[in-house]
$ cat structure27.pdb   # PDB, C-alpha atoms
ATOM      1  CA  MET A   1       0.000   0.000   0.000
ATOM      2  CA  ALA A   2       2.817   2.423   0.873
ATOM      3  CA  ALA A   3       4.579   1.715  -2.423
ATOM      4  CA  PHE A   4       1.311   2.302  -4.338
ATOM      5  CA  LEU A   5       0.697   5.617  -2.574
ATOM      6  CA  LEU A   6       4.299   6.671  -3.145
ATOM      7  CA  ALA A   7       3.972   6.002  -6.876
ATOM      8  CA  LYS A   8       0.703   7.984  -6.984
ATOM      9  CA  THR A   9       2.372  10.858  -5.138
ATOM     10  CA  ARG A  10       5.197  11.017  -7.669
ATOM     11  CA  LEU A  11       2.746  10.921 -10.594
ATOM     12  CA  PHE A  12       0.609  13.680  -9.074
ATOM     13  CA  HIS A  13       3.708  15.818  -8.471
ATOM     14  CA  HIS A  14       4.730  15.627 -12.116
ATOM     15  CA  LEU A  15       1.171  16.490 -13.172
ATOM     16  CA  VAL A  16       1.200  19.566 -10.930
ATOM     17  CA  HIS A  17       4.601  20.537 -12.296
ATOM     18  CA  PHE A  18       3.217  20.331 -15.832
ATOM     19  CA  LEU A  19       0.003  22.240 -15.118
ATOM     20  CA  PHE A  20       1.751  25.105 -13.376
ATOM     21  CA  HIS A  21       4.792  25.263 -15.641
ATOM     22  CA  GLU A  22       5.414  28.648 -17.218
ATOM     23  CA  SER A  23       5.392  27.152 -20.729
ATOM     24  CA  VAL A  24       1.801  25.931 -20.241
ATOM     25  CA  PHE A  25       0.333  29.196 -18.968
ATOM     26  CA  GLN A  26       1.431  32.665 -19.932
ATOM     27  CA  PRO A  27      -0.594  34.611 -17.358
ATOM     28  CA  VAL A  28      -0.523  38.249 -16.506
ATOM     29  CA  SER A  29       1.896  39.312 -13.784
ATOM     30  CA  GLU A  30      -0.309  38.894 -10.684
ATOM     31  CA  VAL A  31      -1.873  35.607 -11.777
ATOM     32  CA  HIS A  32       1.555  34.324 -12.685
ATOM     33  CA  LYS A  33       2.803  35.063  -9.173
ATOM     34  CA  LEU A  34      -0.155  33.263  -7.611
ATOM     35  CA  LEU A  35       0.327  30.227  -9.817
ATOM     36  CA  HIS A  36       4.033  30.200  -9.028
ATOM     37  CA  LEU A  37       3.316  30.336  -5.281
ATOM     38  CA  ALA A  38       0.644  27.637  -5.542
ATOM     39  CA  ARG A  39       3.010  25.384  -7.455
ATOM     40  CA  HIS A  40       5.683  25.566  -4.757
ATOM     41  CA  CYS A  41       3.170  25.142  -1.913
ATOM     42  CA  ILE A  42       1.816  21.982  -3.522
ATOM     43  CA  SER A  43       5.365  20.788  -4.224
ATOM     44  CA  PHE A  44       6.240  21.337  -0.567
ATOM     45  CA  PHE A  45       3.200  19.338   0.577
ATOM     46  CA  LEU A  46       3.908  16.489  -1.832
ATOM     47  CA  SER A  47       7.549  16.393  -0.779
ATOM     48  CA  PHE A  48       6.541  16.100   2.868
ATOM     49  CA  LEU A  49       4.099  13.309   1.951
ATOM     50  CA  HIS A  50       6.876  11.604  -0.021
ATOM     51  CA  ILE A  51       9.099  11.671   3.069
ATOM     52  CA  LEU A  52       6.450  10.029   5.223
ATOM     53  CA  LEU A  53       5.590   7.342   2.672
ATOM     54  CA  SER A  54       9.272   6.581   1.986
ATOM     55  CA  SER A  55       9.912   6.103   5.699
ATOM     56  CA  LEU A  56       6.853   3.855   6.027
ATOM     57  CA  LEU A  57       7.869   1.766   3.034
ATOM     58  CA  ALA A  58      11.414   1.362   4.353
ATOM     59  CA  THR A  59      10.045   0.218   7.712
ATOM     60  CA  LEU A  60       7.732  -2.353   6.120
ATOM     61  CA  GLN A  61      10.459  -3.743   3.870
ATOM     62  CA  SER A  62      13.250  -3.906   6.469
ATOM     63  CA  PRO A  63      11.883  -5.468   9.678
ATOM     64  CA  SER A  64      15.300  -6.907  10.609
ATOM     65  CA  LYS A  65      17.381  -3.874   9.796
ATOM     66  CA  PRO A  66      20.017  -3.153  12.491
ATOM     67  CA  HIS A  67      18.935  -0.434  14.877
ATOM     68  CA  ASN A  68      20.907   2.787  15.244
ATOM     69  CA  PRO A  69      23.475   2.180  18.018
ATOM     70  CA  SER A  70      24.156   5.827  18.820
ATOM     71  CA  PRO A  71      25.149   6.361  22.475
ATOM     72  CA  SER A  72      22.313   7.296  24.818
ATOM     73  CA  PRO A  73      22.307   9.061  28.209
ATOM     74  CA  GLN A  74      22.614   5.621  29.824
ATOM     75  CA  ASP A  75      25.987   5.013  28.134
ATOM     76  CA  SER A  76      29.334   6.062  29.578
ATOM     77  CA  VAL A  77      30.636   9.616  29.398
ATOM     78  CA  ALA A  78      33.541   8.346  27.283
ATOM     79  CA  ALA A  79      31.220   6.820  24.661
ATOM     80  CA  ARG A  80      29.060   9.930  24.432
ATOM     81  CA  ALA A  81      32.062  12.245  24.191
ATOM     82  CA  LEU A  82      33.719  10.161  21.478
ATOM     83  CA  TYR A  83      30.477  10.040  19.499
ATOM     84  CA  GLN A  84      30.282  13.842  19.695
ATOM     85  CA  VAL A  85      33.782  14.069  18.233
ATOM     86  CA  PHE A  86      32.782  11.792  15.347
ATOM     87  CA  SER A  87      29.666  13.890  14.770
ATOM     88  CA  LEU A  88      31.832  16.996  14.469
ATOM     89  CA  VAL A  89      34.054  15.247  11.910
ATOM     90  CA  THR A  90      30.938  14.735   9.797
ATOM     91  CA  ALA A  91      29.678  18.295  10.309
ATOM     92  CA  VAL A  92      32.919  20.252   9.735
ATOM     93  CA  PRO A  93      33.705  20.871   6.018
ATOM     94  CA  VAL A  94      36.984  19.547   4.651
ATOM     95  CA  SER A  95      37.840  23.105   3.630
ATOM     96  CA  SER A  96      37.848  24.198   7.274
ATOM     97  CA  ARG A  97      41.265  24.502   8.881
ATOM     98  CA  LYS A  98      39.800  22.714  11.914
ATOM     99  CA  TYR A  99      38.809  19.565  10.008
ATOM    100  CA  ALA A 100      42.240  17.952  10.265
ATOM    101  CA  SER A 101      42.366  18.788  13.982
ATOM    102  CA  ILE A 102      39.003  17.208  14.863
ATOM    103  CA  ARG A 103      39.736  14.097  12.816
ATOM    104  CA  SER A 104      43.166  13.769  14.437
ATOM    105  CA  LEU A 105      41.520  14.087  17.854
ATOM    106  CA  ALA A 106      39.100  11.279  16.966
ATOM    107  CA  ASP A 107      41.975   9.014  15.894
ATOM    108  CA  THR A 108      43.898   9.789  19.081
ATOM    109  CA  LEU A 109      40.953   8.986  21.356
ATOM    110  CA  VAL A 110      40.223   5.727  19.526
ATOM    111  CA  GLU A 111      43.839   4.648  19.816
ATOM    112  CA  GLU A 112      43.938   5.465  23.537
ATOM    113  CA  ASN A 113      40.742   3.482  24.122
ATOM    114  CA  HIS A 114      42.147   0.610  22.093
ATOM    115  CA  ARG A 115      45.238   0.485  24.293
ATOM    116  CA  GLU A 116      43.636   1.080  27.662
ATOM    117  CA  GLY A 117      40.017  -0.088  27.158
ATOM    118  CA  PRO A 118      37.229  -0.665  27.541
ATOM    119  CA  ALA A 119      36.788  -1.868  23.946
ATOM    120  CA  ALA A 120      33.020  -1.341  24.117
ATOM    121  CA  VAL A 121      33.506   2.455  24.121
ATOM    122  CA  ASN A 122      35.110   2.453  20.680
ATOM    123  CA  ARG A 123      32.618   0.022  19.187
ATOM    124  CA  LYS A 124      29.607   1.914  20.510
ATOM    125  CA  ALA A 125      30.769   5.303  19.270
ATOM    126  CA  LEU A 126      32.126   4.014  15.960
ATOM    127  CA  SER A 127      28.972   2.013  15.200
ATOM    128  CA  GLY A 128      26.812   5.045  15.907
ATOM    129  CA  ALA A 129      29.004   7.285  13.740
ATOM    130  CA  PHE A 130      29.072   4.757  10.880
ATOM    131  CA  SER A 131      25.291   4.384  10.995
ATOM    132  CA  ILE A 132      24.513   8.111  10.955
ATOM    133  CA  THR A 133      27.122   8.826   8.248
ATOM    134  CA  LEU A 134      25.586   6.075   6.122
ATOM    135  CA  GLU A 135      22.152   7.657   6.555
ATOM    136  CA  LEU A 136      23.477  11.127   5.723
ATOM    137  CA  LEU A 137      25.150   9.917   2.533
ATOM    138  CA  GLU A 138      21.948   8.228   1.377
ATOM    139  CA  GLU A 139      19.989  11.404   2.172
ATOM    140  CA  GLU A 140      22.456  13.536   0.225
ATOM    141  CA  MET A 141      22.158  11.297  -2.816
ATOM    142  CA  ALA A 142      18.378  10.977  -2.532
ATOM    143  CA  ALA A 143      18.098  14.773  -2.369
ATOM    144  CA  GLY A 144      20.154  15.097  -5.511
ATOM    145  CA  ALA A 145      18.105  12.470  -7.346
ATOM    146  CA  SER A 146      14.669  13.570  -6.104
ATOM    147  CA  PRO A 147      12.305  15.520  -8.366
ATOM    148  CA  PHE A 148      10.995  17.340  -5.280
ATOM    149  CA  SER A 149      12.714  20.625  -4.607
ATOM    150  CA  LEU A 150      12.005  24.061  -3.255
ATOM    151  CA  PRO A 151      12.899  27.330  -4.980
ATOM    152  CA  GLY A 152      16.546  28.251  -5.117
ATOM    153  CA  SER A 153      19.289  26.057  -3.724
ATOM    154  CA  LEU A 154      17.307  24.549  -0.854
ATOM    155  CA  ARG A 155      16.704  20.855  -1.623
ATOM    156  CA  LEU A 156      14.573  18.430   0.339
ATOM    157  CA  SER A 157      16.081  15.286   1.827
ATOM    158  CA  PRO A 158      14.284  12.429   3.661
ATOM    159  CA  SER A 159      15.251  13.872   7.023
ATOM    160  CA  TRP A 160      14.430  17.514   6.189
ATOM    161  CA  ALA A 161      11.279  17.661   8.298
ATOM    162  CA  LEU A 162      13.123  16.203  11.287
ATOM    163  CA  ARG A 163      16.243  18.342  11.060
ATOM    164  CA  ILE A 164      15.025  21.875  10.437
ATOM    165  CA  VAL A 165      16.860  23.277  13.447
ATOM    166  CA  GLY A 166      20.598  23.561  12.928
ATOM    167  CA  LEU A 167      20.650  21.955   9.478
ATOM    168  CA  LYS A 168      23.444  23.430   7.414
ATOM    169  CA  GLU A 169      23.064  24.193   3.742
ATOM    170  CA  ASP A 170      26.194  22.235   2.827
ATOM    171  CA  ARG A 171      24.502  19.058   4.115
ATOM    172  CA  LEU A 172      22.001  19.421   1.280
ATOM    173  CA  SER A 173      24.518  19.615  -1.545
ATOM    174  CA  VAL A 174      25.495  16.248  -2.996
ATOM    175  CA  SER A 175      28.372  17.617  -5.026
ATOM    176  CA  SER A 176      30.037  19.303  -2.048
ATOM    177  CA  SER A 177      29.748  16.614   0.603
ATOM    178  CA  GLY A 178      28.960  13.222  -0.929
ATOM    179  CA  GLU A 179      32.609  12.328  -1.510
ATOM    180  CA  LYS A 180      33.493  13.589   1.960
ATOM    181  CA  LEU A 181      30.868  11.372   3.614
ATOM    182  CA  ALA A 182      31.952   8.351   1.567
ATOM    183  CA  ALA A 183      35.583   8.912   2.551
ATOM    184  CA  GLU A 184      34.559   9.163   6.207
ATOM    185  CA  LEU A 185      32.563   5.933   5.893
ATOM    186  CA  LEU A 186      35.715   4.148   4.740
ATOM    187  CA  TRP A 187      37.681   5.663   7.615
ATOM    188  CA  LEU A 188      35.036   4.641  10.160
ATOM    189  CA  ALA A 189      34.724   1.140   8.665
ATOM    190  CA  ARG A 190      38.469   0.614   8.972
ATOM    191  CA  ARG A 191      38.456   1.861  12.536
ATOM    192  CA  LEU A 192      35.542  -0.456  13.353
ATOM    193  CA  GLY A 193      37.445  -3.374  11.830
ATOM    194  CA  GLU A 194      40.494  -2.589  13.973
ATOM    195  CA  CYS A 195      38.280  -2.558  17.063
ATOM    196  CA  GLY A 196      36.606  -5.880  16.284
ATOM    197  CA  GLY A 197      33.413  -4.344  14.930
ATOM    198  CA  GLY A 198      33.798  -5.213  11.265
ATOM    199  CA  ASP A 199      30.730  -7.455  11.412
ATOM    200  CA  ASP A 200      28.563  -4.486  12.401
ATOM    201  CA  ALA A 201      29.793  -2.387   9.478
ATOM    202  CA  VAL A 202      29.200  -5.306   7.079
ATOM    203  CA  SER A 203      25.654  -5.763   8.382
ATOM    204  CA  ARG A 204      24.754  -2.080   8.004
ATOM    205  CA  TRP A 205      26.330  -1.861   4.558
ATOM    206  CA  GLY A 206      24.400  -4.929   3.447
ATOM    207  CA  TRP A 207      21.124  -3.308   4.496
ATOM    208  CA  ALA A 208      21.890  -0.069   2.621
ATOM    209  CA  SER A 209      19.851  -1.062  -0.445
ATOM    210  CA  GLY A 210      18.653   2.514  -1.004
ATOM    211  CA  LEU A 211      22.219   3.802  -1.113
ATOM    212  CA  ALA A 212      23.268   0.949  -3.402
ATOM    213  CA  HIS A 213      20.488   1.804  -5.845
ATOM    214  CA  LEU A 214      21.296   5.525  -5.836
ATOM    215  CA  SER A 215      25.001   4.775  -6.279
ATOM    216  CA  GLN A 216      24.389   3.211  -9.681
ATOM    217  CA  SER A 217      23.571   6.611 -11.170
ATOM    218  CA  ALA A 218      25.895   8.748  -9.038
ATOM    219  CA  GLU A 219      28.634  10.988 -10.391
ATOM    220  CA  PRO A 220      31.808   9.027 -11.320
ATOM    221  CA  ARG A 221      33.910  10.530  -8.522
ATOM    222  CA  LEU A 222      31.292   9.665  -5.917
ATOM    223  CA  GLN A 223      30.933   6.173  -7.385
ATOM    224  CA  ALA A 224      34.675   5.733  -7.019
ATOM    225  CA  SER A 225      34.561   6.716  -3.340
ATOM    226  CA  ILE A 226      31.655   4.340  -2.651
ATOM    227  CA  LEU A 227      33.425   1.557  -4.545
ATOM    228  CA  ARG A 228      36.378   1.816  -2.143
ATOM    229  CA  VAL A 229      34.042   1.372   0.834
ATOM    230  CA  CYS A 230      32.354  -1.544  -0.889
ATOM    231  CA  VAL A 231      35.611  -3.366  -1.615
ATOM    232  CA  TYR A 232      36.854  -2.959   1.940
ATOM    233  CA  LEU A 233      33.611  -4.262   3.454
ATOM    234  CA  PHE A 234      33.450  -7.253   1.108
ATOM    235  CA  LYS A 235      36.895  -8.153   2.414
ATOM    236  CA  GLN A 236      35.555  -7.800   5.935
ATOM    237  CA  ALA A 237      32.594 -10.023   5.052
ATOM    238  CA  ARG A 238      34.992 -12.758   4.005
ATOM    239  CA  GLU A 239      36.432 -12.761   7.534
ATOM    240  CA  LEU A 240      33.122 -13.157   9.363
ATOM    241  CA  GLU A 241      32.694 -16.003  11.815
ATOM    242  CA  VAL A 242      30.894 -19.080  10.480
ATOM    243  CA  GLU A 243      27.642 -18.401  12.355
ATOM    244  CA  GLU A 244      27.477 -14.862  10.954
ATOM    245  CA  ARG A 245      28.417 -15.557   7.358
ATOM    246  CA  MET A 246      25.436 -16.758   5.386
ATOM    247  CA  GLY A 247      22.802 -14.126   6.067
ATOM    248  CA  ARG A 248      25.168 -11.153   6.005
ATOM    249  CA  ARG A 249      27.094 -12.328   2.955
ATOM    250  CA  MET A 250      23.885 -12.980   1.053
ATOM    251  CA  LYS A 251      22.630  -9.493   1.917
ATOM    252  CA  MET A 252      25.911  -7.905   0.826
ATOM    253  CA  LEU A 253      25.839  -9.725  -2.508
ATOM    254  CA  THR A 254      22.213  -9.021  -3.418
ATOM    255  CA  THR A 255      22.485  -5.375  -2.350
ATOM    256  CA  TRP A 256      25.806  -4.403  -3.925
ATOM    257  CA  LEU A 257      26.456  -6.711  -6.922
ATOM    258  CA  PRO A 258      24.374  -4.479  -9.265
ATOM    259  CA  PHE A 259      26.465  -1.479  -8.239
ATOM    260  CA  LEU A 260      29.738  -3.350  -8.773
ATOM    261  CA  CYS A 261      28.593  -4.272 -12.302
ATOM    262  CA  GLN A 262      27.636  -0.702 -13.192
ATOM    263  CA  ALA A 263      30.034   1.499 -11.239
ATOM    264  CA  ASN A 264      32.742   3.452 -12.987
ATOM    265  CA  ASN A 265      36.036   1.815 -12.114
ATOM    266  CA  GLY A 266      38.214   4.728 -13.024
ATOM    267  CA  ILE A 267      38.195   8.502 -13.318
ATOM    268  CA  ASP A 268      41.589   9.895 -14.276
ATOM    269  CA  VAL A 269      43.277   6.743 -13.016
ATOM    270  CA  PRO A 270      41.734   3.348 -12.133
ATOM    271  CA  VAL A 271      40.198   3.127  -8.666
ATOM    272  CA  LEU A 272      41.288  -0.505  -8.411
ATOM    273  CA  SER A 273      44.455  -2.035  -9.827
ATOM    274  CA  SER A 274      44.324  -5.207 -11.893
ATOM    275  CA  MET A 275      45.508  -7.151  -8.851
ATOM    276  CA  GLU A 276      42.820  -5.625  -6.634
ATOM    277  CA  LYS A 277      40.129  -6.411  -9.196
ATOM    278  CA  ALA A 278      41.288 -10.025  -9.418
ATOM    279  CA  GLU A 279      41.323 -10.307  -5.629
ATOM    280  CA  MET A 280      37.805  -8.914  -5.423
ATOM    281  CA  VAL A 281      36.541 -11.424  -8.001
ATOM    282  CA  LYS A 282      38.071 -14.237  -5.952
ATOM    283  CA  ILE A 283      36.352 -12.943  -2.796
ATOM    284  CA  LEU A 284      33.003 -12.771  -4.585
ATOM    285  CA  GLU A 285      33.399 -16.302  -5.930
ATOM    286  CA  GLU A 286      34.271 -17.665  -2.503
ATOM    287  CA  MET A 287      31.262 -15.958  -0.924
ATOM    288  CA  ILE A 288      28.886 -17.196  -3.612
ATOM    289  CA  GLU A 289      30.135 -20.780  -3.533
ATOM    290  CA  GLU A 290      29.546 -20.969   0.222
ATOM    291  CA  LEU A 291      25.834 -20.226  -0.269
ATOM    292  CA  ASN A 292      23.230 -22.948  -0.738
ATOM    293  CA  ARG A 293      22.020 -23.826  -4.249
ATOM    294  CA  GLN A 294      18.945 -21.612  -4.181
ATOM    295  CA  GLN A 295      20.934 -18.645  -2.927
ATOM    296  CA  GLN A 296      23.626 -19.216  -5.550
ATOM    297  CA  GLU A 297      21.001 -19.264  -8.279
ATOM    298  CA  LYS A 298      19.520 -15.973  -7.069
ATOM    299  CA  VAL A 299      22.891 -14.207  -6.755
ATOM    300  CA  LEU A 300      24.299 -15.461 -10.066
ATOM    301  CA  ALA A 301      21.100 -14.581 -11.928
ATOM    302  CA  LEU A 302      21.339 -11.082 -10.436
ATOM    303  CA  TRP A 303      24.978 -10.815 -11.489
ATOM    304  CA  LEU A 304      24.349 -12.039 -15.043
ATOM    305  CA  ASP A 305      21.459  -9.633 -15.596
ATOM    306  CA  ASN A 306      23.402  -6.587 -14.379
ATOM    307  CA  PHE A 307      26.732  -7.593 -15.929
ATOM    308  CA  MET A 308      25.231  -8.067 -19.387
ATOM    309  CA  SER A 309      23.103  -4.913 -19.196
ATOM    310  CA  ASN A 310      26.187  -2.701 -18.886
ATOM    311  CA  PRO A 311      28.299  -2.887 -22.075
ATOM    312  CA  ASP A 312      30.880  -0.428 -20.726
ATOM    313  CA  SER A 313      32.154  -2.643 -17.900
ATOM    314  CA  ASP A 314      33.795  -6.060 -17.960
ATOM    315  CA  TRP A 315      34.117  -6.332 -14.162
ATOM    316  CA  PRO A 316      33.463  -8.287 -12.026
ATOM    317  CA  ASN A 317      33.524 -11.212 -14.454
ATOM    318  CA  LEU A 318      32.013 -14.152 -12.571
ATOM    319  CA  GLN A 319      31.486 -16.312 -15.664
ATOM    320  CA  PRO A 320      33.759 -19.142 -14.409
ATOM    321  CA  CYS A 321      31.786 -19.204 -11.147
ATOM    322  CA  TYR A 322      28.515 -19.210 -13.086
ATOM    323  CA  THR A 323      29.729 -22.064 -15.294
ATOM    324  CA  ARG A 324      30.775 -24.168 -12.304
ATOM    325  CA  TRP A 325      27.405 -23.593 -10.626
ATOM    326  CA  TYR A 326      25.516 -24.471 -13.812
ATOM    327  CA  THR A 327      27.530 -27.642 -14.431
ATOM    328  CA  THR A 328      26.944 -28.820 -10.858
ATOM    329  CA  SER A 329      23.248 -27.943 -10.953
ATOM    330  CA  ARG A 330      22.688 -29.780 -14.234
ATOM    331  CA  ARG A 331      23.883 -33.030 -12.656
ATOM    332  CA  LEU A 332      21.496 -32.765  -9.731
ATOM    333  CA  PRO A 333      18.093 -34.480  -9.779
ATOM    334  CA  MET A 334      15.083 -32.302 -10.516
ATOM    335  CA  GLU A 335      13.570 -30.811  -7.380
TER
END
$ encode --input "structure27.pdb" --output "structure tokens"
Amino acid sequence: MAAFLLAKTRLFHHLVHFLFHESVFQPVSEVHKLLHLARHCISFFLSFLHILLSSLLATLQSPSKPHNPSPSPQDSVAARALYQVFSLVTAVPVSSRKYASIRSLADTLVEENHREGPAAVNRKALSGAFSITLELLEEEMAAGASPFSLPGSLRLSPSWALRIVGLKEDRLSVSSSGEKLAAELLWLARRLGECGGGDDAVSRWGWASGLAHLSQSAEPRLQASILRVCVYLFKQARELEVEERMGRRMKMLTTWLPFLCQANNGIDVPVLSSMEKAEMVKILEEMIEELNRQQQEKVLALWLDNFMSNPDSDWPNLQPCYTRWYTTSRRLPME
């Protein structure tokens, strides 16, 4: 029902845009102003409705999605303070002379906690920071891709209605902060891995289906930054304990394989070297071959469809893996 209403909302928005577009009506000055105001008021209302329906649809489709682990008042002072530092890293622009200082402070505190403990402080703060940065990146990209916008440079994002107070304009610009957020995700993921929290980052990345979908049509430089995060977390997924592997690996593969097949692998220079590409293909093959037959069929069908639909990319080539699966499946009795 939520998906149906969301589709109707989008259709109605485009109809309103057409009816009130200046090329349709050439009114006198005062009427033109009223129509212009009415158009933006209706656009605002539809955007707000879109936010609510998108949130409802995400909730209905992701009942097992990991909850946000951000520190609460019940957590230690150390965890809350470290999380605040991470939040400032996200908020401060790279162009600020204080960005390097706040990021260095975060690294220093993590290293001190890692040496002296308790380990839970780092994991709690890092998990919270990774989760919120992931959400912010998806919001940035959704804002850039959304047809709903207000006059001028102010763009709506899924959290706009909840973050009116204190929201900075640079948070709403995909071009200015998307690469920054992606780079910080990689930094946080690596820190989480060092602190024994790689499984948490893998789980959250696997559930980021909205981000994965938006990434397929992102600008090449942003795609490159997201690809680096993806490669690192697939390596982390390979190291998961046996009891954690199947569900999380399957989620990673079904969420991110389409992006891997369609992402730009180079801008001025390749994002991944030939050796790194070959290593990544080996990781993907290992992960797929550990799945059961039904899961393998689903993942390999997904890969084949996306790999063949993009004539500009020849990576990741999982044809040998597909052939092995097909040969084995052909010999099995009909189910």
$ closest_residue --input "structure27.pdb" --among "A:Trp207, A:Trp256, A:Tyr99, A:Tyr326" --to "Leu134 in chain A" --atoms "all atoms listed in the file"
A:Trp207
$ atom_distance --input "structure27.pdb" --atom1 "CA of Val299 in chain A" --atom2 "CA of Ala182 in chain A"
25.7 Å
$ closest_residue --input "structure27.pdb" --among "A:Ala38, A:Ala201, A:Leu304, A:Ala125" --to "Arg80 in chain A" --atoms "all atoms listed in the file"
A:Ala125
$ resolve_selection --input "structure27.pdb" --expression "the PyMOL selection byres ((chain A and resi 263) around 9)" --output "VMD selection string"
chain A and resid 215 to 218 220 223 to 224 227 258 to 262 264 to 266 313
$ residues_around --input "structure27.pdb" --residues "Arg324 in chain A" --least-positions-apart "5" --cutoff "10 Å" --atoms "all atoms listed in the file" --output "list in words"
Glu289, Gln319 and Ser329 of chain A
$ resolve_selection --input "structure27.pdb" --expression "the PyMOL selection byres ((chain A and resi 233-242) around 12)" --output "ChimeraX atom specification"
/A:185-194,196-206,226-232,243-253,255-257,260,276,279-288,290-291
$ write_last_selection --input "structure27.pdb" --atoms "C-alpha atoms" --output "compact mmCIF listing (two decimals), keeping the file's coordinate frame"
# COMPACT_ATOMS: atom_id res chain seq x y z
CA LEU A 185 32.56 5.93 5.89
CA LEU A 186 35.72 4.15 4.74
CA TRP A 187 37.68 5.66 7.62
CA LEU A 188 35.04 4.64 10.16
CA ALA A 189 34.72 1.14 8.66
CA ARG A 190 38.47 0.61 8.97
CA ARG A 191 38.46 1.86 12.54
CA LEU A 192 35.54 -0.46 13.35
CA GLY A 193 37.44 -3.37 11.83
CA GLU A 194 40.49 -2.59 13.97
CA GLY A 196 36.61 -5.88 16.28
CA GLY A 197 33.41 -4.34 14.93
CA GLY A 198 33.80 -5.21 11.26
CA ASP A 199 30.73 -7.46 11.41
CA ASP A 200 28.56 -4.49 12.40
CA ALA A 201 29.79 -2.39 9.48
CA VAL A 202 29.20 -5.31 7.08
CA SER A 203 25.65 -5.76 8.38
CA ARG A 204 24.75 -2.08 8.00
CA TRP A 205 26.33 -1.86 4.56
CA GLY A 206 24.40 -4.93 3.45
CA ILE A 226 31.66 4.34 -2.65
CA LEU A 227 33.42 1.56 -4.54
CA ARG A 228 36.38 1.82 -2.14
CA VAL A 229 34.04 1.37 0.83
CA CYS A 230 32.35 -1.54 -0.89
CA VAL A 231 35.61 -3.37 -1.62
CA TYR A 232 36.85 -2.96 1.94
CA GLU A 243 27.64 -18.40 12.36
CA GLU A 244 27.48 -14.86 10.95
CA ARG A 245 28.42 -15.56 7.36
CA MET A 246 25.44 -16.76 5.39
CA GLY A 247 22.80 -14.13 6.07
CA ARG A 248 25.17 -11.15 6.00
CA ARG A 249 27.09 -12.33 2.96
CA MET A 250 23.88 -12.98 1.05
CA LYS A 251 22.63 -9.49 1.92
CA MET A 252 25.91 -7.90 0.83
CA LEU A 253 25.84 -9.72 -2.51
CA THR A 255 22.48 -5.38 -2.35
CA TRP A 256 25.81 -4.40 -3.92
CA LEU A 257 26.46 -6.71 -6.92
CA LEU A 260 29.74 -3.35 -8.77
CA GLU A 276 42.82 -5.62 -6.63
CA GLU A 279 41.32 -10.31 -5.63
CA MET A 280 37.80 -8.91 -5.42
CA VAL A 281 36.54 -11.42 -8.00
CA LYS A 282 38.07 -14.24 -5.95
CA ILE A 283 36.35 -12.94 -2.80
CA LEU A 284 33.00 -12.77 -4.58
CA GLU A 285 33.40 -16.30 -5.93
CA GLU A 286 34.27 -17.66 -2.50
CA MET A 287 31.26 -15.96 -0.92
CA ILE A 288 28.89 -17.20 -3.61
CA GLU A 290 29.55 -20.97 0.22
CA LEU A 291 25.83 -20.23 -0.27
$ residues_around --input "structure27.pdb" --residues "Met141 in chain A" --least-positions-apart "2" --cutoff "8 Å" --atoms "only C-alpha atoms" --output "PyMOL selection string"
chain A and resi 137-139+143-145+174+178+211+214-215+218
$ write_last_selection --input "structure27.pdb" --atoms "C-alpha atoms" --output "mmCIF file, in the coordinates of the input"
data_model
loop_
_atom_site.group_PDB
_atom_site.id
_atom_site.type_symbol
_atom_site.label_atom_id
_atom_site.label_comp_id
_atom_site.auth_asym_id
_atom_site.auth_seq_id
_atom_site.Cartn_x
_atom_site.Cartn_y
_atom_site.Cartn_z
ATOM 1 C CA LEU A 137 25.150 9.917 2.533
ATOM 2 C CA GLU A 138 21.948 8.228 1.377
ATOM 3 C CA GLU A 139 19.989 11.404 2.172
ATOM 4 C CA ALA A 143 18.098 14.773 -2.369
ATOM 5 C CA GLY A 144 20.154 15.097 -5.511
ATOM 6 C CA ALA A 145 18.105 12.470 -7.346
ATOM 7 C CA VAL A 174 25.495 16.248 -2.996
ATOM 8 C CA GLY A 178 28.960 13.222 -0.929
ATOM 9 C CA LEU A 211 22.219 3.802 -1.113
ATOM 10 C CA LEU A 214 21.296 5.525 -5.836
ATOM 11 C CA SER A 215 25.001 4.775 -6.279
ATOM 12 C CA ALA A 218 25.895 8.748 -9.038
#
$ build_atoms --input "structure27.pdb" --residues "range 180-186 of chain A" --atoms "N, CA and C atoms" --output "tab-separated table (two decimals), in the coordinates of the input"
chain	number	residue	atom	x	y	z
A	180	LYS	N	32.98	13.47	0.59
A	180	LYS	CA	33.49	13.59	1.96
A	180	LYS	C	32.88	12.52	2.86
A	181	LEU	N	31.55	12.36	2.78
A	181	LEU	CA	30.87	11.37	3.61
A	181	LEU	C	31.31	9.96	3.26
A	182	ALA	N	31.50	9.68	1.98
A	182	ALA	CA	31.95	8.35	1.57
A	182	ALA	C	33.36	8.07	2.09
A	183	ALA	N	34.22	9.08	2.03
A	183	ALA	CA	35.58	8.91	2.55
A	183	ALA	C	35.56	8.67	4.06
A	184	GLU	N	34.67	9.36	4.76
A	184	GLU	CA	34.56	9.16	6.21
A	184	GLU	C	33.97	7.79	6.54
A	185	LEU	N	33.08	7.29	5.70
A	185	LEU	CA	32.56	5.93	5.89
A	185	LEU	C	33.69	4.91	5.83
A	186	LEU	N	34.59	5.07	4.85
A	186	LEU	CA	35.72	4.15	4.74
A	186	LEU	C	36.61	4.24	5.96
